[in-house]
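Note: the block below is query09.pdb and it holds PDB, C-alpha atoms.
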ATOM      1  CA  MET A  15     108.158 -76.849 227.965
ATOM      2  CA  THR A  16     106.850 -78.628 224.881
ATOM      3  CA  GLU A  17     108.862 -78.036 221.736
ATOM      4  CA  HIS A  18     106.910 -76.681 218.771
ATOM      5  CA  TYR A  19     107.473 -77.176 215.055
ATOM      6  CA  PHE A  20     108.142 -73.438 214.842
ATOM      7  CA  SER A  21     111.096 -73.683 217.242
ATOM      8  CA  ASN A  22     114.228 -72.320 215.591
ATOM      9  CA  LYS A  23     116.530 -75.124 216.681
ATOM     10  CA  PRO A  24     114.700 -78.396 217.395
ATOM     11  CA  THR A  25     116.291 -80.475 220.131
ATOM     12  CA  ALA A  26     114.374 -83.674 219.345
ATOM     13  CA  GLU A  27     116.493 -86.438 217.889
ATOM     14  CA  ASP A  28     116.680 -86.200 214.091
ATOM     15  CA  ARG A  29     114.841 -89.433 213.196
ATOM     16  CA  ARG A  30     114.308 -89.414 209.442
ATOM     17  CA  ARG A  31     111.734 -91.355 207.485
ATOM     18  CA  ARG A  32     110.663 -91.460 203.835
ATOM     19  CA  VAL A  33     107.286 -90.124 202.721
ATOM     20  CA  ARG A  34     105.611 -90.813 199.386
ATOM     21  CA  PHE A  35     102.801 -88.717 197.938
ATOM     22  CA  SER A  36     101.482 -87.463 194.616
ATOM     23  CA  ALA A  37     101.013 -83.880 193.484
ATOM     24  CA  TRP A  38      99.713 -82.674 190.109
ATOM     25  CA  GLY A  39     100.312 -86.044 188.489
ATOM     26  CA  ASN A  40     103.837 -86.498 189.826
ATOM     27  CA  ASP A  41     104.931 -89.084 192.402
ATOM     28  CA  LEU A  42     107.346 -87.740 194.999
ATOM     29  CA  GLU A  43     109.408 -89.340 197.746
ATOM     30  CA  LEU A  44     110.868 -87.008 200.368
ATOM     31  CA  ALA A  45     112.517 -87.287 203.765
ATOM     32  CA  THR A  46     110.926 -85.929 206.910
ATOM     33  CA  SER A  47     111.964 -86.043 210.548
ATOM     34  CA  SER A  48     110.987 -85.313 214.108
ATOM     35  CA  GLY A  49     111.147 -81.707 215.277
ATOM     36  CA  VAL A  50     109.425 -80.304 212.183
ATOM     37  CA  PHE A  51     105.798 -79.779 211.217
ATOM     38  CA  ALA A  52     104.096 -82.989 210.029
ATOM     39  CA  GLY A  53     107.156 -85.039 210.887
ATOM     40  CA  GLU A  54     105.161 -88.263 210.479
ATOM     41  CA  GLY A  55     104.168 -87.584 206.867
ATOM     42  CA  LEU A  56     102.192 -85.305 204.598
ATOM     43  CA  ASP A  57      99.543 -83.548 206.665
ATOM     44  CA  LYS A  58      95.902 -83.399 205.625
ATOM     45  CA  ALA A  59      95.837 -79.631 205.042
ATOM     46  CA  THR A  60      98.848 -79.609 202.706
ATOM     47  CA  ALA A  61      97.429 -82.580 200.814
ATOM     48  CA  ILE A  62      94.182 -80.641 200.333
ATOM     49  CA  LEU A  63      96.053 -77.529 199.190
ATOM     50  CA  LEU A  64      97.903 -79.538 196.550
ATOM     51  CA  ARG A  65      94.743 -81.395 195.499
ATOM     52  CA  GLN A  66      92.553 -78.290 195.202
ATOM     53  CA  THR A  67      94.993 -76.183 193.185
ATOM     54  CA  SER A  68      96.877 -76.355 189.913
ATOM     55  CA  ALA A  69     100.633 -76.243 189.539
ATOM     56  CA  PRO A  70     101.957 -72.745 188.874
ATOM     57  CA  PRO A  71     102.588 -71.797 185.257
ATOM     58  CA  LYS A  72     106.080 -71.732 183.763
ATOM     59  CA  ASP A  73     108.553 -68.934 184.386
ATOM     60  CA  THR A  74     107.039 -67.730 187.648
ATOM     61  CA  THR A  75     108.700 -66.934 190.955
ATOM     62  CA  VAL A  76     107.053 -68.822 193.782
ATOM     63  CA  LEU A  77     107.455 -68.885 197.578
ATOM     64  CA  ASP A  78     106.654 -71.789 199.899
ATOM     65  CA  LEU A  79     106.101 -69.877 203.151
ATOM     66  CA  GLY A  80     106.630 -72.037 206.233
ATOM     67  CA  CYS A  81     107.992 -74.843 204.076
ATOM     68  CA  GLY A  82     108.497 -77.531 206.737
ATOM     69  CA  TRP A  83     110.335 -80.425 205.063
ATOM     70  CA  GLY A  84     109.480 -79.039 201.634
ATOM     71  CA  PRO A  85     106.521 -80.917 200.139
ATOM     72  CA  ILE A  86     105.009 -77.828 198.491
ATOM     73  CA  ALA A  87     108.307 -76.372 197.260
ATOM     74  CA  CYS A  88     109.489 -79.701 195.840
ATOM     75  CA  ALA A  89     106.109 -80.423 194.232
ATOM     76  CA  ILE A  90     106.191 -77.017 192.531
ATOM     77  CA  ALA A  91     109.798 -77.455 191.390
ATOM     78  CA  VAL A  92     108.965 -80.845 189.843
ATOM     79  CA  ALA A  93     105.745 -79.668 188.176
ATOM     80  CA  SER A  94     107.093 -76.326 186.977
ATOM     81  CA  PRO A  95     110.858 -76.748 186.461
ATOM     82  CA  ASP A  96     111.202 -73.409 184.650
ATOM     83  CA  SER A  97     109.950 -71.535 187.702
ATOM     84  CA  THR A  98     112.112 -69.986 190.398
ATOM     85  CA  VAL A  99     111.105 -71.600 193.685
ATOM     86  CA  TRP A 100     111.895 -70.215 197.120
ATOM     87  CA  ALA A 101     111.236 -72.002 200.416
ATOM     88  CA  THR A 102     111.543 -70.462 203.848
ATOM     89  CA  ASP A 103     110.945 -71.506 207.444
ATOM     90  CA  VAL A 104     112.151 -70.392 210.876
ATOM     91  CA  ASN A 105     112.947 -74.013 211.812
ATOM     92  CA  GLU A 106     116.557 -74.789 210.888
ATOM     93  CA  ARG A 107     115.926 -78.544 210.631
ATOM     94  CA  ALA A 108     113.078 -77.826 208.201
ATOM     95  CA  ILE A 109     115.476 -75.730 206.127
ATOM     96  CA  GLU A 110     118.022 -78.563 206.151
ATOM     97  CA  LEU A 111     115.395 -81.149 205.136
ATOM     98  CA  THR A 112     113.971 -79.016 202.323
ATOM     99  CA  ARG A 113     117.463 -78.457 200.945
ATOM    100  CA  PHE A 114     118.230 -82.187 201.232
ATOM    101  CA  ASN A 115     114.948 -83.144 199.541
ATOM    102  CA  SER A 116     115.310 -80.735 196.641
ATOM    103  CA  GLU A 117     118.903 -81.825 196.025
ATOM    104  CA  SER A 118     118.050 -85.525 196.239
ATOM    105  CA  MET A 119     115.242 -85.014 193.712
ATOM    106  CA  GLY A 120     117.494 -83.015 191.404
ATOM    107  CA  VAL A 121     115.301 -79.891 191.414
ATOM    108  CA  ASP A 122     116.267 -76.287 192.113
ATOM    109  CA  VAL A 123     114.792 -74.731 195.257
ATOM    110  CA  ASN A 124     116.262 -71.646 196.912
ATOM    111  CA  VAL A 125     116.027 -72.565 200.592
ATOM    112  CA  ALA A 126     116.602 -69.867 203.196
ATOM    113  CA  LEU A 127     115.709 -68.620 206.635
ATOM    114  CA  PRO A 128     113.242 -65.708 206.378
ATOM    115  CA  ASP A 129     115.865 -63.011 206.973
ATOM    116  CA  ASP A 130     118.079 -64.511 204.262
ATOM    117  CA  VAL A 131     115.570 -64.127 201.419
ATOM    118  CA  PRO A 132     116.789 -61.056 199.483
ATOM    119  CA  ASP A 133     114.548 -58.022 200.007
ATOM    120  CA  ASP A 134     114.223 -57.346 196.293
ATOM    121  CA  VAL A 135     112.735 -60.749 195.382
ATOM    122  CA  ARG A 136     109.060 -60.530 194.391
ATOM    123  CA  PHE A 137     106.707 -63.486 194.064
ATOM    124  CA  ASP A 138     104.092 -64.302 191.469
ATOM    125  CA  ALA A 139     102.604 -66.750 193.944
ATOM    126  CA  ILE A 140     102.940 -67.603 197.614
ATOM    127  CA  TRP A 141     101.878 -71.037 198.812
ATOM    128  CA  SER A 142     101.409 -71.759 202.487
ATOM    129  CA  ASN A 143      99.893 -74.009 205.087
ATOM    130  CA  PRO A 144     100.512 -71.195 207.585
ATOM    131  CA  PRO A 145     101.620 -71.919 211.162
ATOM    132  CA  ILE A 146      98.320 -71.041 212.843
ATOM    133  CA  ARG A 147      99.544 -72.215 216.255
ATOM    134  CA  VAL A 148     102.145 -69.438 216.480
ATOM    135  CA  GLY A 149      99.238 -67.237 217.556
ATOM    136  CA  LYS A 150      97.155 -64.622 215.815
ATOM    137  CA  ALA A 151      99.555 -61.701 216.320
ATOM    138  CA  ALA A 152     102.574 -63.619 214.968
ATOM    139  CA  LEU A 153     100.543 -65.025 212.059
ATOM    140  CA  HIS A 154      99.277 -61.561 211.103
ATOM    141  CA  LYS A 155     102.796 -60.148 211.288
ATOM    142  CA  MET A 156     104.069 -62.941 209.033
ATOM    143  CA  LEU A 157     101.379 -62.271 206.428
ATOM    144  CA  GLU A 158     101.908 -58.500 206.641
ATOM    145  CA  THR A 159     105.604 -59.133 205.939
ATOM    146  CA  TRP A 160     105.248 -61.471 202.953
ATOM    147  CA  LEU A 161     102.010 -60.565 201.161
ATOM    148  CA  PRO A 162     103.352 -57.126 200.090
ATOM    149  CA  ARG A 163     106.085 -59.002 198.204
ATOM    150  CA  LEU A 164     103.561 -60.342 195.707
ATOM    151  CA  THR A 165     103.862 -58.990 192.166
ATOM    152  CA  PRO A 166     100.975 -56.763 190.976
ATOM    153  CA  ASP A 167      99.128 -59.781 189.554
ATOM    154  CA  GLY A 168     100.380 -62.141 192.257
ATOM    155  CA  ARG A 169      98.268 -64.398 194.414
ATOM    156  CA  ALA A 170      98.756 -66.289 197.661
ATOM    157  CA  HIS A 171      97.238 -69.730 198.246
ATOM    158  CA  LEU A 172      96.596 -70.474 201.937
ATOM    159  CA  VAL A 173      95.034 -73.567 203.485
ATOM    160  CA  VAL A 174      93.527 -73.169 206.954
ATOM    161  CA  GLY A 175      91.244 -75.333 209.057
ATOM    162  CA  LYS A 176      87.808 -73.890 209.706
ATOM    163  CA  ASN A 177      88.150 -74.756 213.396
ATOM    164  CA  LEU A 178      91.540 -72.965 213.413
ATOM    165  CA  GLY A 179      90.048 -69.693 212.236
ATOM    166  CA  ALA A 180      89.943 -69.847 208.432
ATOM    167  CA  ASP A 181      86.838 -67.666 208.198
ATOM    168  CA  SER A 182      88.103 -65.059 210.655
ATOM    169  CA  LEU A 183      91.462 -64.980 208.848
ATOM    170  CA  GLN A 184      89.663 -64.371 205.563
ATOM    171  CA  ARG A 185      87.715 -61.493 207.145
ATOM    172  CA  TRP A 186      90.904 -60.019 208.624
ATOM    173  CA  LEU A 187      92.708 -60.166 205.275
ATOM    174  CA  ILE A 188      89.822 -58.386 203.560
ATOM    175  CA  GLU A 189      89.764 -55.765 206.324
ATOM    176  CA  GLN A 190      93.485 -55.173 205.741
ATOM    177  CA  GLY A 191      92.777 -54.474 202.064
ATOM    178  CA  TRP A 192      93.708 -57.903 200.657
ATOM    179  CA  PRO A 193      90.865 -59.270 198.483
ATOM    180  CA  THR A 194      90.470 -62.899 199.583
ATOM    181  CA  ASP A 195      88.295 -65.580 198.010
ATOM    182  CA  ARG A 196      87.518 -69.082 199.164
ATOM    183  CA  MET A 197      88.816 -71.284 196.329
ATOM    184  CA  ALA A 198      87.728 -74.572 197.856
ATOM    185  CA  ALA A 199      86.450 -76.254 200.989
ATOM    186  CA  GLU A 200      87.270 -79.850 201.848
ATOM    187  CA  GLN A 201      87.170 -81.849 205.076
ATOM    188  CA  ASN A 202      86.715 -78.765 207.256
ATOM    189  CA  PHE A 203      89.592 -76.920 205.554
ATOM    190  CA  ARG A 204      89.423 -73.763 203.481
ATOM    191  CA  VAL A 205      91.734 -72.957 200.585
ATOM    192  CA  LEU A 206      91.970 -69.162 200.344
ATOM    193  CA  ALA A 207      93.215 -67.106 197.414
ATOM    194  CA  VAL A 208      94.649 -63.738 198.445
ATOM    195  CA  HIS A 209      95.136 -61.079 195.757
ATOM    196  CA  ARG A 210      97.029 -57.823 195.702
ATOM    197  CA  PRO A 211      94.778 -54.809 196.306
TER     198      PRO A 211
END

So that I can check it, write out the structure of this file as structure tokens.
Amino acid sequence: MTEHYFSNKPTAEDRRRRVRFSAWGNDLELATSSGVFAGEGLDKATAILLRQTSAPPKDTTVLDLGCGWGPIACAIAVASPDSTVWATDVNERAIELTRFNSESMGVDVNVALPDDVPDDVRFDAIWSNPPIRVGKAALHKMLETWLPRLTPDGRAHLVVGKNLGADSLQRWLIEQGWPTDRMAAEQNFRVLAVHRP
């Protein structure tokens, strides 16, 4: 059976490499590895999400949902150092890499498995390149779990490929009572903004 990036405990050899990219005017260098999403480097969708959005304002609480090796969480922590940044993923190697990257960059990121994020934490913003390949039911369950943790004025930023169901996901979110706008479209990807009802 092929191992997926959303496996809890990757068995692939941990072969690390350095990745350089820019986000919101800051140059970052992070480590990635096999057995995690985009193990070869920054993926196109995440790059588009970072390019088509602005860094969160100061003093906000932000979640990187499905953080992988931490490019979004670390970019936010660098750009908005007064914010409280959380990063979560089901993949334990991704958790380890995000923790390593944030520590090596000297920024504060609270890195945790989903069940270890305290229930009382609320988020002013959620950022995600969601794991579409987990399947529609699992994806919907994930969003139904985390979107209600937005603050009253909170917003989620999602990047999804059109060919992977971005438009149908937008319709589903609206049907579930989550107002969802298309913020941007680039290279067959949609950047969606999801608001609290």

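Atom pair CA of Trp38 (chain A) / CA of Ile90 (chain A): separated by 8.9 Å.
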
> When the PyMOL selection byres ((chain A and resi 99-105) around 8) is applied to the file above, which residues end up in the set, as an MDAnalysis selection string?
Replying inline: chainID A and resid 19:24 50 75:82 84 87 90:91 97:98 106:109 112 122:128 131

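The coordinates place CA of Glu110 (chain A) at 23.3 Å from CA of Leu157 (chain A).
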
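Straight-line separation from CA of Phe203 (chain A) to CA of Arg136 (chain A): 27.8 Å.
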
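Residue nearest Arg147 (chain A), chosen from A:Thr74, A:Gly175, A:Asn115, A:Pro211 and counting all atoms listed in the file: A:Gly175.
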
> If you count only C-alpha atoms, which residues fall within 7 Å of region 32-35 of chain A, apart from same-chain ones fewer than 5 positions away, as a VMD selection string?
Replying inline: chain A and resid 41 to 46 55

>> Which residues would end up in the selection if the PyMOL selection byres ((chain A and resi 176) around 10) were applied here, given that I need the answer as a VMD selection string?
In response: chain A and resid 173 to 175 177 to 183 199 to 205

Selected residues written out with C-alpha atoms, as a PDB file, keeping the file's coordinate frame:
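File again_8.pdb, as written:
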ATOM      1  CA  VAL A 173      95.034 -73.567 203.485  1.00  0.00           C
ATOM      2  CA  VAL A 174      93.527 -73.169 206.954  1.00  0.00           C
ATOM      3  CA  GLY A 175      91.244 -75.333 209.057  1.00  0.00           C
ATOM      4  CA  ASN A 177      88.150 -74.756 213.396  1.00  0.00           C
ATOM      5  CA  LEU A 178      91.540 -72.965 213.413  1.00  0.00           C
ATOM      6  CA  GLY A 179      90.048 -69.693 212.236  1.00  0.00           C
ATOM      7  CA  ALA A 180      89.943 -69.847 208.432  1.00  0.00           C
ATOM      8  CA  ASP A 181      86.838 -67.666 208.198  1.00  0.00           C
ATOM      9  CA  SER A 182      88.103 -65.059 210.655  1.00  0.00           C
ATOM     10  CA  LEU A 183      91.462 -64.980 208.848  1.00  0.00           C
ATOM     11  CA  ALA A 199      86.450 -76.254 200.989  1.00  0.00           C
ATOM     12  CA  GLU A 200      87.270 -79.850 201.848  1.00  0.00           C
ATOM     13  CA  GLN A 201      87.170 -81.849 205.076  1.00  0.00           C
ATOM     14  CA  ASN A 202      86.715 -78.765 207.256  1.00  0.00           C
ATOM     15  CA  PHE A 203      89.592 -76.920 205.554  1.00  0.00           C
ATOM     16  CA  ARG A 204      89.423 -73.763 203.481  1.00  0.00           C
ATOM     17  CA  VAL A 205      91.734 -72.957 200.585  1.00  0.00           C
TER      18      VAL A 205
END

>> Just want the 12 Å neighbourhood of Pro162 (chain A), counted on all atoms listed in the file, with same-chain residues fewer than 2 positions away dropped. Output as a VMD selection string.
In response: chain A and resid 133 to 140 155 to 160 164 to 170 190 to 192 208 to 211

> Expanded to explicit residues, what is the PyMOL selection byres ((chain A and resi 171) around 6) for this file, as JSON, numbers by chain?
Replying inline: {"A": [141, 170, 172, 206, 207]}

Could you work out an axis-aligned box for region 48-63 of chain A, taking every atom the file lists and adding 8 Å on each side, and report centre and edge lengths in Å to one decimal, as lines of an AutoDock Vina configuration file?
center_x = 102.7
center_y = -82.9
center_z = 207.2
size_x = 33.0
size_y = 26.7
size_z = 32.1

>> Which residue is closest to Arg196 (chain A)? Choose from A:Gln184, A:Asn143, A:Ser118, A:Ser36 and count all atoms listed in the file.
In response: A:Gln184
